[in-house]
$ cat query.csv   # CSV, N, CA and C atoms
chain,number,residue,atom,x,y,z
A,1,MET,N,-6.7,-19.0,-6.3
A,1,MET,CA,-6.8,-18.1,-5.2
A,1,MET,C,-6.1,-16.8,-5.4
A,2,SER,N,-5.1,-16.8,-6.3
A,2,SER,CA,-4.3,-15.6,-6.5
A,2,SER,C,-5.1,-14.4,-7.1
A,3,ARG,N,-6.1,-14.8,-8.0
A,3,ARG,CA,-6.9,-13.7,-8.6
A,3,ARG,C,-7.7,-13.1,-7.5
A,4,GLU,N,-8.2,-13.8,-6.5
A,4,GLU,CA,-8.9,-13.3,-5.4
A,4,GLU,C,-8.0,-12.4,-4.5
A,5,ASN,N,-6.7,-12.8,-4.4
A,5,ASN,CA,-5.8,-12.0,-3.7
A,5,ASN,C,-5.6,-10.6,-4.3
A,6,ILE,N,-5.5,-10.6,-5.6
A,6,ILE,CA,-5.4,-9.3,-6.3
A,6,ILE,C,-6.6,-8.5,-6.1
A,7,GLU,N,-7.8,-9.1,-6.1
A,7,GLU,CA,-9.0,-8.3,-5.8
A,7,GLU,C,-9.1,-7.7,-4.4
A,8,VAL,N,-8.6,-8.4,-3.4
A,8,VAL,CA,-8.5,-7.9,-2.1
A,8,VAL,C,-7.6,-6.6,-2.0
A,9,VAL,N,-6.5,-6.7,-2.7
A,9,VAL,CA,-5.5,-5.6,-2.7
A,9,VAL,C,-6.1,-4.4,-3.5
A,10,ARG,N,-6.8,-4.8,-4.6
A,10,ARG,CA,-7.4,-3.7,-5.4
A,10,ARG,C,-8.5,-3.0,-4.6
A,11,ARG,N,-9.3,-3.7,-3.9
A,11,ARG,CA,-10.3,-3.1,-3.0
A,11,ARG,C,-9.7,-2.2,-1.9
A,12,LEU,N,-8.6,-2.7,-1.4
A,12,LEU,CA,-7.9,-1.9,-0.4
A,12,LEU,C,-7.5,-0.5,-1.0
A,13,PHE,N,-6.9,-0.6,-2.2
A,13,PHE,CA,-6.5,0.7,-2.8
A,13,PHE,C,-7.7,1.6,-3.2
A,14,GLU,N,-8.7,1.0,-3.7
A,14,GLU,CA,-9.9,1.8,-4.1
A,14,GLU,C,-10.5,2.5,-2.9
A,15,THR,N,-10.7,1.8,-1.8
A,15,THR,CA,-11.3,2.4,-0.7
A,15,THR,C,-10.4,3.4,0.0
A,16,TYR,N,-9.1,3.1,0.1
A,16,TYR,CA,-8.2,4.0,0.6
A,16,TYR,C,-8.1,5.3,-0.2
A,17,SER,N,-8.1,5.2,-1.5
A,17,SER,CA,-8.0,6.4,-2.4
A,17,SER,C,-9.2,7.3,-2.3
A,18,ARG,N,-10.3,6.7,-2.0
A,18,ARG,CA,-11.5,7.6,-1.8
A,18,ARG,C,-11.7,8.1,-0.4
A,19,GLY,N,-10.7,7.8,0.5
A,19,GLY,CA,-10.8,8.2,1.9
A,19,GLY,C,-11.7,7.4,2.8
A,20,ASP,N,-12.1,6.2,2.3
A,20,ASP,CA,-13.0,5.4,3.2
A,20,ASP,C,-12.1,4.4,4.0
A,21,TYR,N,-11.5,5.0,5.0
A,21,TYR,CA,-10.5,4.2,5.8
A,21,TYR,C,-11.1,3.1,6.6
A,22,ASP,N,-12.4,3.1,6.9
A,22,ASP,CA,-13.1,2.0,7.5
A,22,ASP,C,-13.1,0.8,6.6
A,23,ALA,N,-13.5,1.1,5.3
A,23,ALA,CA,-13.5,0.0,4.3
A,23,ALA,C,-12.1,-0.5,4.0
A,24,ALA,N,-11.2,0.4,3.9
A,24,ALA,CA,-9.8,0.0,3.6
A,24,ALA,C,-9.3,-0.9,4.7
A,25,ALA,N,-9.5,-0.5,6.0
A,25,ALA,CA,-9.0,-1.2,7.1
A,25,ALA,C,-9.7,-2.6,7.2
A,26,ALA,N,-10.9,-2.7,6.7
A,26,ALA,CA,-11.6,-4.0,6.7
A,26,ALA,C,-10.9,-5.0,5.8
A,27,CYS,N,-10.0,-4.6,5.0
A,27,CYS,CA,-9.2,-5.5,4.1
A,27,CYS,C,-8.0,-6.1,4.9
A,28,LEU,N,-7.7,-5.5,6.0
A,28,LEU,CA,-6.5,-5.8,6.8
A,28,LEU,C,-6.8,-6.9,7.9
A,29,ALA,N,-5.9,-7.9,8.0
A,29,ALA,CA,-6.0,-8.9,9.0
A,29,ALA,C,-5.8,-8.2,10.4
A,30,PRO,N,-6.4,-8.7,11.5
A,30,PRO,CA,-6.2,-8.2,12.8
A,30,PRO,C,-4.7,-8.1,13.2
A,31,GLY,N,-3.9,-9.0,12.7
A,31,GLY,CA,-2.5,-8.9,13.0
A,31,GLY,C,-1.6,-8.4,11.9
A,32,VAL,N,-2.1,-7.6,11.0
A,32,VAL,CA,-1.4,-7.1,9.9
A,32,VAL,C,-0.1,-6.3,10.3
A,33,VAL,N,0.9,-6.5,9.5
A,33,VAL,CA,2.2,-5.8,9.7
A,33,VAL,C,2.4,-4.9,8.5
A,34,TYR,N,2.4,-3.6,8.6
A,34,TYR,CA,2.4,-2.7,7.5
A,34,TYR,C,3.7,-1.9,7.6
A,35,GLU,N,4.6,-2.2,6.6
A,35,GLU,CA,6.0,-1.6,6.6
A,35,GLU,C,6.2,-0.7,5.4
A,36,VAL,N,6.3,0.6,5.7
A,36,VAL,CA,6.6,1.5,4.6
A,36,VAL,C,8.0,2.2,4.9
A,37,GLY,N,8.7,2.6,3.9
A,37,GLY,CA,10.1,3.1,4.1
A,37,GLY,C,10.3,4.2,5.1
A,38,GLN,N,9.4,5.1,5.2
A,38,GLN,CA,9.6,6.3,6.0
A,38,GLN,C,9.0,6.2,7.4
A,39,GLU,N,8.5,5.1,7.8
A,39,GLU,CA,7.8,4.9,9.0
A,39,GLU,C,8.3,3.6,9.8
A,40,VAL,N,8.1,3.6,11.1
A,40,VAL,CA,8.3,2.3,11.8
A,40,VAL,C,7.1,1.4,11.4
A,41,PRO,N,7.3,0.1,11.5
A,41,PRO,CA,6.1,-0.7,11.1
A,41,PRO,C,4.9,-0.4,12.0
A,42,ALA,N,3.8,-0.5,11.3
A,42,ALA,CA,2.5,-0.4,12.0
A,42,ALA,C,1.9,-1.8,12.2
A,43,PHE,N,1.4,-2.1,13.4
A,43,PHE,CA,0.9,-3.4,13.7
A,43,PHE,C,-0.6,-3.3,14.0
A,44,GLY,N,-1.4,-4.0,13.2
A,44,GLY,CA,-2.9,-4.0,13.4
A,44,GLY,C,-3.5,-2.9,12.6
A,45,PRO,N,-4.8,-3.1,12.3
A,45,PRO,CA,-5.5,-2.1,11.5
A,45,PRO,C,-5.6,-0.7,12.1
A,46,ASP,N,-5.7,-0.6,13.5
A,46,ASP,CA,-5.8,0.7,14.1
A,46,ASP,C,-4.6,1.5,13.9
A,47,GLU,N,-3.4,0.9,14.0
A,47,GLU,CA,-2.2,1.6,13.8
A,47,GLU,C,-2.0,2.0,12.3
A,48,VAL,N,-2.4,1.2,11.4
A,48,VAL,CA,-2.3,1.5,10.0
A,48,VAL,C,-3.2,2.7,9.7
A,49,ARG,N,-4.4,2.6,10.2
A,49,ARG,CA,-5.4,3.7,10.0
A,49,ARG,C,-4.8,5.0,10.6
A,50,ALA,N,-4.2,5.0,11.8
A,50,ALA,CA,-3.6,6.2,12.4
A,50,ALA,C,-2.5,6.7,11.5
A,51,MET,N,-1.8,5.9,10.8
A,51,MET,CA,-0.7,6.3,9.9
A,51,MET,C,-1.4,7.0,8.7
A,52,TRP,N,-2.4,6.4,8.1
A,52,TRP,CA,-3.1,7.1,7.0
A,52,TRP,C,-3.6,8.5,7.4
A,53,GLU,N,-4.2,8.6,8.6
A,53,GLU,CA,-4.8,9.8,9.0
A,53,GLU,C,-3.7,10.9,9.3
A,54,ARG,N,-2.5,10.4,9.8
A,54,ARG,CA,-1.4,11.3,10.0
A,54,ARG,C,-0.9,11.9,8.6
A,55,TRP,N,-0.9,11.0,7.6
A,55,TRP,CA,-0.5,11.4,6.3
A,55,TRP,C,-1.4,12.5,5.8
A,56,ASP,N,-2.7,12.3,6.0
A,56,ASP,CA,-3.7,13.3,5.6
A,56,ASP,C,-3.4,14.6,6.2
A,57,GLY,N,-3.0,14.7,7.4
A,57,GLY,CA,-2.7,15.9,8.0
A,57,GLY,C,-1.4,16.6,7.5
A,58,ALA,N,-0.5,15.8,7.0
A,58,ALA,CA,0.8,16.4,6.5
A,58,ALA,C,0.7,16.7,5.0
A,59,TRP,N,-0.1,16.1,4.2
A,59,TRP,CA,-0.1,16.2,2.8
A,59,TRP,C,-1.5,16.7,2.3
A,60,GLU,N,-1.5,17.4,1.2
A,60,GLU,CA,-2.7,17.8,0.5
A,60,GLU,C,-2.6,17.3,-0.9
A,61,ASP,N,-3.7,17.2,-1.6
A,61,ASP,CA,-3.7,16.8,-3.0
A,61,ASP,C,-3.0,15.4,-3.1
A,62,MET,N,-3.1,14.6,-2.1
A,62,MET,CA,-2.4,13.3,-2.2
A,62,MET,C,-3.1,12.3,-3.1
A,63,GLU,N,-2.4,11.7,-4.0
A,63,GLU,CA,-2.9,10.7,-4.8
A,63,GLU,C,-2.1,9.4,-4.7
A,64,THR,N,-2.8,8.3,-4.6
A,64,THR,CA,-2.1,7.0,-4.6
A,64,THR,C,-2.7,6.2,-5.7
A,65,VAL,N,-2.0,6.0,-6.8
A,65,VAL,CA,-2.5,5.4,-8.0
A,65,VAL,C,-1.8,4.1,-8.3
A,66,PRO,N,-2.5,2.9,-8.1
A,66,PRO,CA,-1.9,1.7,-8.4
A,66,PRO,C,-1.8,1.5,-10.0
A,67,GLU,N,-0.6,1.2,-10.5
A,67,GLU,CA,-0.5,1.2,-11.9
A,67,GLU,C,-0.4,-0.3,-12.5
A,68,GLU,N,0.0,-1.2,-11.6
A,68,GLU,CA,0.1,-2.6,-12.1
A,68,GLU,C,0.0,-3.5,-10.9
A,69,PHE,N,-0.7,-4.6,-11.0
A,69,PHE,CA,-0.9,-5.6,-10.0
A,69,PHE,C,-0.3,-6.9,-10.6
A,70,VAL,N,0.7,-7.5,-9.9
A,70,VAL,CA,1.4,-8.7,-10.4
A,70,VAL,C,1.0,-9.8,-9.4
A,71,ASP,N,0.5,-10.9,-10.0
A,71,ASP,CA,0.1,-12.1,-9.2
A,71,ASP,C,1.4,-12.9,-8.9
A,72,ALA,N,1.6,-13.1,-7.6
A,72,ALA,CA,2.7,-13.9,-7.1
A,72,ALA,C,2.2,-14.9,-6.0
A,73,GLY,N,1.1,-15.6,-6.3
A,73,GLY,CA,0.5,-16.5,-5.4
A,73,GLY,C,-0.1,-15.8,-4.2
A,74,GLU,N,0.5,-16.1,-3.0
A,74,GLU,CA,0.0,-15.4,-1.8
A,74,GLU,C,0.5,-14.0,-1.7
A,75,HIS,N,1.3,-13.6,-2.6
A,75,HIS,CA,1.8,-12.2,-2.7
A,75,HIS,C,1.2,-11.5,-3.9
A,76,VAL,N,1.0,-10.2,-3.7
A,76,VAL,CA,0.6,-9.3,-4.8
A,76,VAL,C,1.6,-8.1,-4.9
A,77,VAL,N,2.3,-8.0,-6.0
A,77,VAL,CA,3.2,-6.9,-6.2
A,77,VAL,C,2.5,-5.7,-6.9
A,78,VAL,N,2.5,-4.5,-6.3
A,78,VAL,CA,1.8,-3.4,-6.9
A,78,VAL,C,2.8,-2.3,-7.2
A,79,THR,N,2.7,-1.8,-8.4
A,79,THR,CA,3.5,-0.6,-8.8
A,79,THR,C,2.6,0.6,-8.4
A,80,VAL,N,3.0,1.5,-7.6
A,80,VAL,CA,2.2,2.6,-7.1
A,80,VAL,C,2.9,3.9,-7.3
A,81,HIS,N,2.1,4.8,-7.9
A,81,HIS,CA,2.6,6.2,-8.2
A,81,HIS,C,1.9,7.1,-7.1
A,82,TYR,N,2.8,7.7,-6.3
A,82,TYR,CA,2.4,8.6,-5.3
A,82,TYR,C,2.7,10.0,-5.6
A,83,THR,N,1.7,10.9,-5.5
A,83,THR,CA,2.0,12.4,-5.6
A,83,THR,C,1.3,13.1,-4.5
A,84,ALA,N,1.8,14.2,-4.1
A,84,ALA,CA,1.2,15.0,-3.0
A,84,ALA,C,2.0,16.3,-2.9
A,85,ARG,N,1.4,17.2,-2.1
A,85,ARG,CA,2.1,18.5,-1.8
A,85,ARG,C,2.0,18.7,-0.3
A,86,GLY,N,3.2,19.0,0.3
A,86,GLY,CA,3.2,19.3,1.7
A,86,GLY,C,2.2,20.3,2.2
A,87,ARG,N,1.4,20.0,3.2
A,87,ARG,CA,0.4,21.0,3.6
A,87,ARG,C,0.9,22.3,4.1
A,88,GLY,N,2.0,22.3,4.8
A,88,GLY,CA,2.5,23.5,5.3
A,88,GLY,C,3.7,24.1,4.5
A,89,SER,N,4.4,23.1,3.9
A,89,SER,CA,5.7,23.5,3.2
A,89,SER,C,5.5,23.8,1.7
A,90,GLY,N,4.4,23.2,1.1
A,90,GLY,CA,4.2,23.2,-0.3
A,90,GLY,C,5.2,22.4,-1.1
A,91,ILE,N,6.0,21.6,-0.5
A,91,ILE,CA,7.0,20.7,-1.1
A,91,ILE,C,6.2,19.6,-2.0
A,92,GLU,N,6.6,19.5,-3.2
A,92,GLU,CA,6.0,18.5,-4.1
A,92,GLU,C,6.6,17.1,-3.9
A,93,TYR,N,5.8,16.1,-3.8
A,93,TYR,CA,6.2,14.7,-3.7
A,93,TYR,C,5.7,14.0,-4.9
A,94,ASP,N,6.6,13.2,-5.6
A,94,ASP,CA,6.2,12.5,-6.8
A,94,ASP,C,7.2,11.3,-6.8
A,95,GLU,N,6.6,10.1,-6.5
A,95,GLU,CA,7.5,8.9,-6.5
A,95,GLU,C,6.7,7.7,-6.9
A,96,ARG,N,7.4,6.8,-7.5
A,96,ARG,CA,6.9,5.5,-7.9
A,96,ARG,C,7.5,4.4,-6.9
A,97,LEU,N,6.7,3.7,-6.2
A,97,LEU,CA,7.2,2.7,-5.3
A,97,LEU,C,6.6,1.3,-5.6
A,98,TYR,N,7.1,0.3,-5.0
A,98,TYR,CA,6.6,-1.1,-5.3
A,98,TYR,C,6.3,-1.8,-4.0
A,99,ASP,N,5.0,-2.1,-3.9
A,99,ASP,CA,4.5,-2.7,-2.7
A,99,ASP,C,4.3,-4.2,-2.9
A,100,VAL,N,4.6,-4.9,-1.8
A,100,VAL,CA,4.4,-6.4,-1.8
A,100,VAL,C,3.4,-6.6,-0.7
A,101,TYR,N,2.2,-7.1,-1.1
A,101,TYR,CA,1.2,-7.4,-0.1
A,101,TYR,C,1.1,-9.0,0.0
A,102,THR,N,1.1,-9.4,1.2
A,102,THR,CA,0.9,-10.9,1.5
A,102,THR,C,-0.6,-11.0,1.9
A,103,VAL,N,-1.3,-11.9,1.2
A,103,VAL,CA,-2.7,-12.1,1.4
A,103,VAL,C,-3.0,-13.6,1.8
A,104,ARG,N,-3.7,-13.7,2.9
A,104,ARG,CA,-4.1,-15.1,3.4
A,104,ARG,C,-5.5,-15.1,3.8
A,105,ASP,N,-6.3,-16.0,3.3
A,105,ASP,CA,-7.7,-16.2,3.7
A,105,ASP,C,-8.5,-14.9,3.5
A,106,GLY,N,-8.2,-14.2,2.4
A,106,GLY,CA,-8.9,-13.0,2.1
A,106,GLY,C,-8.6,-11.7,2.8
A,107,TRP,N,-7.4,-11.8,3.6
A,107,TRP,CA,-7.0,-10.6,4.4
A,107,TRP,C,-5.6,-10.2,4.0
A,108,CYS,N,-5.3,-9.0,4.0
A,108,CYS,CA,-3.9,-8.5,3.8
A,108,CYS,C,-3.2,-8.7,5.2
A,109,VAL,N,-2.2,-9.5,5.2
A,109,VAL,CA,-1.5,-9.8,6.5
A,109,VAL,C,-0.2,-9.0,6.6
A,110,ARG,N,0.3,-8.5,5.5
A,110,ARG,CA,1.6,-7.8,5.5
A,110,ARG,C,1.7,-6.9,4.3
A,111,LYS,N,2.3,-5.8,4.5
A,111,LYS,CA,2.7,-4.9,3.4
A,111,LYS,C,4.2,-4.5,3.5
A,112,LEU,N,5.0,-4.7,2.5
A,112,LEU,CA,6.3,-4.3,2.4
A,112,LEU,C,6.5,-3.3,1.3
A,113,GLU,N,7.3,-2.3,1.4
A,113,GLU,CA,7.4,-1.3,0.4
A,113,GLU,C,8.9,-1.2,-0.1
A,114,PHE,N,9.1,-1.1,-1.4
A,114,PHE,CA,10.4,-1.1,-2.0
A,114,PHE,C,10.5,0.1,-3.0
A,115,LYS,N,11.8,0.6,-3.1
A,115,LYS,CA,12.0,1.6,-4.1
A,115,LYS,C,12.3,1.0,-5.5
A,116,GLN,N,12.8,-0.2,-5.5
A,116,GLN,CA,13.2,-0.9,-6.8
A,116,GLN,C,12.2,-2.0,-7.1
A,117,ARG,N,11.7,-2.0,-8.3
A,117,ARG,CA,10.8,-3.1,-8.7
A,117,ARG,C,11.4,-4.5,-8.5
A,118,SER,N,12.7,-4.6,-8.9
A,118,SER,CA,13.4,-5.9,-8.8
A,118,SER,C,13.4,-6.4,-7.4
A,119,ASP,N,13.6,-5.5,-6.4
A,119,ASP,CA,13.6,-5.9,-5.0
A,119,ASP,C,12.2,-6.4,-4.6
A,120,ALA,N,11.2,-5.8,-5.0
A,120,ALA,CA,9.8,-6.2,-4.7
A,120,ALA,C,9.5,-7.5,-5.3
A,121,LEU,N,9.9,-7.7,-6.6
A,121,LEU,CA,9.6,-9.0,-7.2
A,121,LEU,C,10.4,-10.1,-6.5
A,122,GLN,N,11.6,-9.9,-6.1
A,122,GLN,CA,12.4,-10.9,-5.4
A,122,GLN,C,11.8,-11.2,-4.1
A,123,ALA,N,11.3,-10.2,-3.3
A,123,ALA,CA,10.6,-10.4,-2.0
A,123,ALA,C,9.4,-11.2,-2.2
A,124,ALA,N,8.7,-11.2,-3.4
A,124,ALA,CA,7.5,-11.9,-3.6
A,124,ALA,C,7.8,-13.3,-4.2
A,125,GLY,N,9.1,-13.6,-4.3
A,125,GLY,CA,9.5,-14.9,-4.8
A,125,GLY,C,9.5,-15.0,-6.3
A,126,LEU,N,9.5,-13.9,-7.0
A,126,LEU,CA,9.5,-13.9,-8.5
A,126,LEU,C,10.9,-13.6,-9.0
A,127,ASP,N,11.2,-13.9,-10.2
A,127,ASP,CA,12.4,-13.6,-10.8
A,127,ASP,C,12.4,-12.2,-11.3
A,128,PRO,N,13.3,-11.4,-10.8
A,128,PRO,CA,13.3,-10.0,-11.2
A,128,PRO,C,13.8,-9.8,-12.6
$ encode --input "query.csv" --output "structure tokens"
Amino acid sequence: MSRENIEVVRRLFETYSRGDYDAAAACLAPGVVYEVGQEVPAFGPDEVRAMWERWDGAWEDMETVPEEFVDAGEHVVVTVHYTARGRGSGIEYDERLYDVYTVRDGWCVRKLEFKQRSDALQAAGLDP
């Protein structure tokens, strides 16, 4: 099942990266909890999609590049390289973060974001 979980998360990234938020949101469970460091948690696909759209308004040339997918059973740990430029400020953003997706029955039910790879691996039940 874990290979299928990686494919669900990979599909989420692929559709999100090309701006197809309908297809990306279709990977999310109705009760998804989406937690990223700079935001309050988003609950449900509609709130997650609103977060993505808000980011589009704030950033330009935004790229979200998954670099590694680690199988952790019902969890998938993804190393993600984010780059963008502030739409009004021109501020450059370049950061590598570590996401832990929990996948059940073919749906992403939770996303947690970490600044340290070891923290993400630990959250996924793996030995850092």
$ select_by_dssp --input "query.csv" --residues "chain A" --states "helix (DSSP H, G or I)" --output "PyMOL selection string"
chain A and resi 2-17+21-25+45-58+117-123
$ residues_around --input "query.csv" --residues "A:Asp22" --least-positions-apart "3" --cutoff "10 Å" --atoms "only C-alpha atoms" --output "MDAnalysis selection string"
chainID A and resid 15:16 19 25:27 45:46 49
$ write_last_selection --input "query.csv" --atoms "N, CA and C atoms" --output "tab-separated table (two decimals), keeping the file's coordinate frame"
chain	number	residue	atom	x	y	z
A	15	THR	N	-10.70	1.80	-1.80
A	15	THR	CA	-11.30	2.40	-0.70
A	15	THR	C	-10.40	3.40	0.00
A	16	TYR	N	-9.10	3.10	0.10
A	16	TYR	CA	-8.20	4.00	0.60
A	16	TYR	C	-8.10	5.30	-0.20
A	19	GLY	N	-10.70	7.80	0.50
A	19	GLY	CA	-10.80	8.20	1.90
A	19	GLY	C	-11.70	7.40	2.80
A	25	ALA	N	-9.50	-0.50	6.00
A	25	ALA	CA	-9.00	-1.20	7.10
A	25	ALA	C	-9.70	-2.60	7.20
A	26	ALA	N	-10.90	-2.70	6.70
A	26	ALA	CA	-11.60	-4.00	6.70
A	26	ALA	C	-10.90	-5.00	5.80
A	27	CYS	N	-10.00	-4.60	5.00
A	27	CYS	CA	-9.20	-5.50	4.10
A	27	CYS	C	-8.00	-6.10	4.90
A	45	PRO	N	-4.80	-3.10	12.30
A	45	PRO	CA	-5.50	-2.10	11.50
A	45	PRO	C	-5.60	-0.70	12.10
A	46	ASP	N	-5.70	-0.60	13.50
A	46	ASP	CA	-5.80	0.70	14.10
A	46	ASP	C	-4.60	1.50	13.90
A	49	ARG	N	-4.40	2.60	10.20
A	49	ARG	CA	-5.40	3.70	10.00
A	49	ARG	C	-4.80	5.00	10.60
$ closest_residue --input "query.csv" --among "A:Val70, A:Val76, A:Ala58, A:Val48" --to "A:Val103" --atoms "only N, CA and C atoms"
A:Val76
$ select_by_dssp --input "query.csv" --residues "chain A" --states "strand (DSSP E or B)" --output "count of residues only"
57
$ residues_near_point --input "query.csv" --point "(0.9, -5.7, 6.8)" --cutoff "6.5 Å" --atoms "all atoms listed in the file" --output "MDAnalysis selection string"
chainID A and resid 31:35 108:112
